[in-house]
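Heads up, the thing below is written out as structure tokens.
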Amino acid sequence: MMFEDLFNFVLVGVFLSAVTSSVIPKSPSNTRPIDRPLSDENHFEDDEHNIEYDHDAFLGKDEARSFDQLTPAESARRLGIIYEKIDEDRNGLVTEEELGKWIRHIQKKQVEKEANTQWLEHLANQHLESSSELRWSDYLKRTYGSTDEELENHDDPEHLENDNKDAVMRDRRRWDLADIDRNGQLTKEEFTYFVHPEEAVHTRNVVIEETLEDIDKDHDGFISLKEYIDDTVDDEDGEEIDPAWIADEEEDFREELDKNGDGKLDREEIEAWVMPNDYHSLIEEAKHLISEADSDKDGFLTKSEVVEKYELFVGSQATDYGELLSKHDEF
């Protein structure tokens, strides 16, 4: 198996538990903003640098958690192999841009892994081959436990007269947008756009529509400061909110979100809020890693510099990636 194939396999591969025909719970689709932190860890704890954050950013949160089986020497050696993947122009110098692209690559793999997990669960539940396309009726039954009568009317979500009606209608709208070839079924790639509409140009707009439906109570096509605060308070299950915290939220709204200062968020401002450009955080992490490992301070990372600082990038531990690679002669 070639390194590229193996690498991709490890990052997106999943080990599924037994799948039954029971209804699966839906995760909230209106979490705002759509935030993809590089790690669940804090980068600094009480002014102390937390390298677990860097491990997550460099390898992905899931993979970094299982770094516990390789010796330091083996971990460093395999990090050298990863370096070759990052150094796109093969000049022996990793730039800030190359490292930022790598971190974004890892981030996208996390998205693909999440979508792939759901995809395989749906296919397994319907006893379909991995190359199959997923039908709307199969998705509807698996996700919402629709009755036979409802399935017969699956082309008309308005027919549904239960608590899931709004959710089903939203899903159908996403489904139709993600269905590039308009055949009523989704390929794995199209399903990724369905699960993560923010990842594709042709589906991003639906995230704005869903946000407006949730927050824009007067239906004027904008989000006012009051609507913004009310939505945040609603998410707290009615608990009493600290006035100082509300004041901070109001300041964020005025200073960070309301770019044109008109007291409300238009569609462009909503998009910037719920689907922020993550370029800044990626480059900041790349700059941080370079500043920590660049021993000659030339602004680039050589392979020896990265391997020497292996604990910054991967620690003296093994990922699932490392565990699988350990079985192959090329390593």
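Ligands are numbered from 1 in the order shown, chains are lettered A, B, ... in the order of the structure tokens, and residues start at 1 in each chain.
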What's around segment 180-186 of chain A at 7 Å? Count only C-alpha atoms, leave out sequence neighbours fewer than 6 positions away in its own chain, and write the answer as a ChimeraX atom specification. /A:133-136
Quick one: everything within 8 Å of Ile290 of chain A, counting only C-alpha atoms, minus sequence neighbours fewer than 6 positions away in the same chain. Send it as a list in words. Glu96, Gly299, Phe300 and Leu301 of chain A
DSSP says alpha helix (DSSP H) for which residues of segment 78-324 of chain A? Put them as a VMD selection string? chain A and resid 78 to 86 96 to 125 136 to 144 148 to 152 165 to 178 188 to 195 204 to 215 225 to 234 243 to 252 267 to 274 279 to 293 303 to 308 310 to 313 320 to 324
In Å to one decimal, how far is atom CA of Trp175 of chain A from atom CA of Leu120 of chain A?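 It comes out at 17.2 Å.
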Skip Trp273 of chain A itself and residues of its chain fewer than 3 positions away, then list as a list in words all residues within 12 Å of it, counting only C-alpha atoms.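 Close residues of Trp273 of chain A: Thr31, Arg32, Pro33, Ile34, Asp35, Val207, Ile208, Thr211, Ile223, Tyr228, Asp252, Phe253, Glu256, Leu257, Asp258, Lys259, Leu265, Asp266, Arg267, Glu268, Glu269, Ile270, Pro276, Asn277 and Asp278 of chain A.
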What gap, in Å, lies between atom CA of Tyr279 of chain A and atom CA of Lys109 of chain A? 16.2 Å
Which residues, written as a list in words, have at least one atom at most 12 Å from Arg254 of chain A, with only C-alpha atoms counted and residues fewer than 3 positions away on the same chain left out?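 Once the nearby chain positions are removed, what remains is Ser224, Leu225, Lys226, Tyr228, Ile229, Ala247, Asp248, Glu249, Glu250, Glu251, Leu257, Asp258, Lys259, Asn260, Gly261, Asp262, Gly263, Lys264, Leu265 and Glu269 of chain A.
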Contacts of Ala178 of chain A at 9 Å (only C-alpha atoms; same-chain gap of 3+ positions) as a list in words: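 The filter keeps Arg173, Arg174, Trp175, Asp181, Arg182, Leu186, Glu189, Glu190, Phe191, Thr192, Tyr193, Phe194, Pro197, Ala200, His202 and Thr203 of chain A.
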Polymer residues at most 9 Å from Val111 of chain A, only C-alpha atoms, same-chain spacing of 3 or more positions, as a count of residues only: 9
Quick one: pull the distance between atom CA of Ala76 of chain A and atom CA of Gly92 of chain A, Å, one decimal. 16.8 Å
Hey, what does DSSP flag as strand (DSSP E) within segment 90-266 of chain A? Can you give it to me as a list in words?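 Written out, the strand (DSSP E) residues of segment 90-266 of chain A are Leu134, Arg135, Gln185, Leu186, Ile223, Ser224, Lys264 and Leu265 of chain A.
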Ranking A:Glu240, A:Asp214, A:Glu74, A:Trp102 by minimum distance to Asp87 of chain A and counting only C-alpha atoms, which one comes first? A:Trp102
